[in-house]
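Scroll down for the structure; my scribbles are underneath it.
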Amino acid sequence: MLVSVSNVVETMFMLLTDHGLLVVTPHMMKHLDNVIDIMICSSVVSSLSFLSTIAADRYITIFYALRYHSIMTTQRAVAVIVIIWLASTISSTLFIVYYTDNAVIVCLVTFFCITLVFTAVLYLHMFILAHVHSRRIIAFHKSRRQSTSMKGAITLTILLGVFIICWGPFFLHLILILTCPKSPYCTCFFSHFNLFLILIICNSLIDPLIYAYRSQELRKTLKELVLCSWCFVM
């Protein structure tokens, strides 16, 4: 949403300026560009942070099921959300202010790698636990055990695969800025920056669909919501 809003605001200002309906000084345009860049950077940092937070929440749900509601209370959930947004906004502001420093890009790439490893380790540990539990099922549930293990493996593979596909090009873009900023091949890759932002947005849209498709309970809930909405409209 932040990326979309920032693009809409930028497009509106460009249209108004081109048609002479709005007079913007270079100083104002620079501040506008900084605000838009902060919104985009905040969306990137917060999205990565929330992906890790969701993975941690699922981990607590599985390994501390009986204590989950005492560990993850509403107050703590709200506090985590607020802290993530504040940290994302502050760090993004610093990144944009010092955008000419290569250390900013190194920080973003490092943060992406840490998020990827952290999420992968948690999901892998959860899958191993599910696999171990499934092996303890009695003999006549053998076919169910294989199906459950395979379903968990496929879901894990899809989630991590989509995450890497959607986020990988953007951070490869950052890495190439450090390694070959003037190479013609890298310049060609840089020209697709907007496509990389679209992929990031798609990740937020695709993940709920994956969960819905892989979970029978979620599919049933979505069907009920669609039917209720349709009946309400009718």
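Please note that chains go A, B, ... in the order of the structure tokens, that every chain numbers its residues from 1, and that ligands are numbered from 1 in the order shown.
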Each residue of range 34-92 of chain A with at least one atom at most 10 Å from range 118-128 of chain A should appear once, together with its nearest atom pair and the corresponding distance in Å (one decimal); atoms considered: only C-alpha atoms; ordering: chain, then increasing residue number; output as JSON lines.
{"residue": "A:Leu48", "atom": "CA", "partner": "A:Thr119", "partner_atom": "CA", "distance": 9.9}
{"residue": "A:Leu51", "atom": "CA", "partner": "A:Thr119", "partner_atom": "CA", "distance": 7.7}
{"residue": "A:Ser52", "atom": "CA", "partner": "A:Thr119", "partner_atom": "CA", "distance": 5.7}
{"residue": "A:Thr53", "atom": "CA", "partner": "A:Thr119", "partner_atom": "CA", "distance": 8.9}
{"residue": "A:Ile54", "atom": "CA", "partner": "A:Thr119", "partner_atom": "CA", "distance": 9.0}
{"residue": "A:Ala55", "atom": "CA", "partner": "A:Thr119", "partner_atom": "CA", "distance": 6.0}
{"residue": "A:Ala56", "atom": "CA", "partner": "A:Leu122", "partner_atom": "CA", "distance": 7.1}
{"residue": "A:Arg58", "atom": "CA", "partner": "A:Met126", "partner_atom": "CA", "distance": 8.6}
{"residue": "A:Tyr59", "atom": "CA", "partner": "A:Leu122", "partner_atom": "CA", "distance": 6.6}
{"residue": "A:Ile60", "atom": "CA", "partner": "A:Met126", "partner_atom": "CA", "distance": 9.9}
{"residue": "A:Ile62", "atom": "CA", "partner": "A:Met126", "partner_atom": "CA", "distance": 7.4}
{"residue": "A:Phe63", "atom": "CA", "partner": "A:Met126", "partner_atom": "CA", "distance": 8.3}
**Q.** Close residues, Asp33 in chain A itself excluded, 12 Å, only C-alpha atoms, min 4 positions apart in chain, as a list in words
**A.** Ser6, Asn7, Val9, Glu10, Thr11, Phe13, Met14, Pro26, His27, Met28, Met29, Asp37, Ile38, Met39, Ile40, Ile96 and Val97 of chain A
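Among A:Ser43, A:Thr25, A:Thr221, A:Ser92, the residue with the shortest atom-to-atom distance to Ile201 in chain A, counting only C-alpha atoms, is A:Ser43.
Shortest atom-to-atom contact with Phe170 in chain A among A:Met72, A:Val44, A:Val80, A:Leu116: A:Val44, counting only C-alpha atoms.
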Q) Can you tell me how far CA of Phe190 in chain A sits from CA of Leu172 in chain A, in Å to one decimal? A) 9.8 Å
Q: Name all residues at most 10 Å from Cys202 in chain A (count only C-alpha atoms; drop same-chain ones fewer than 6 positions away) and give them as a PyMOL selection string.
A: chain A and resi 162-163+166-167+196
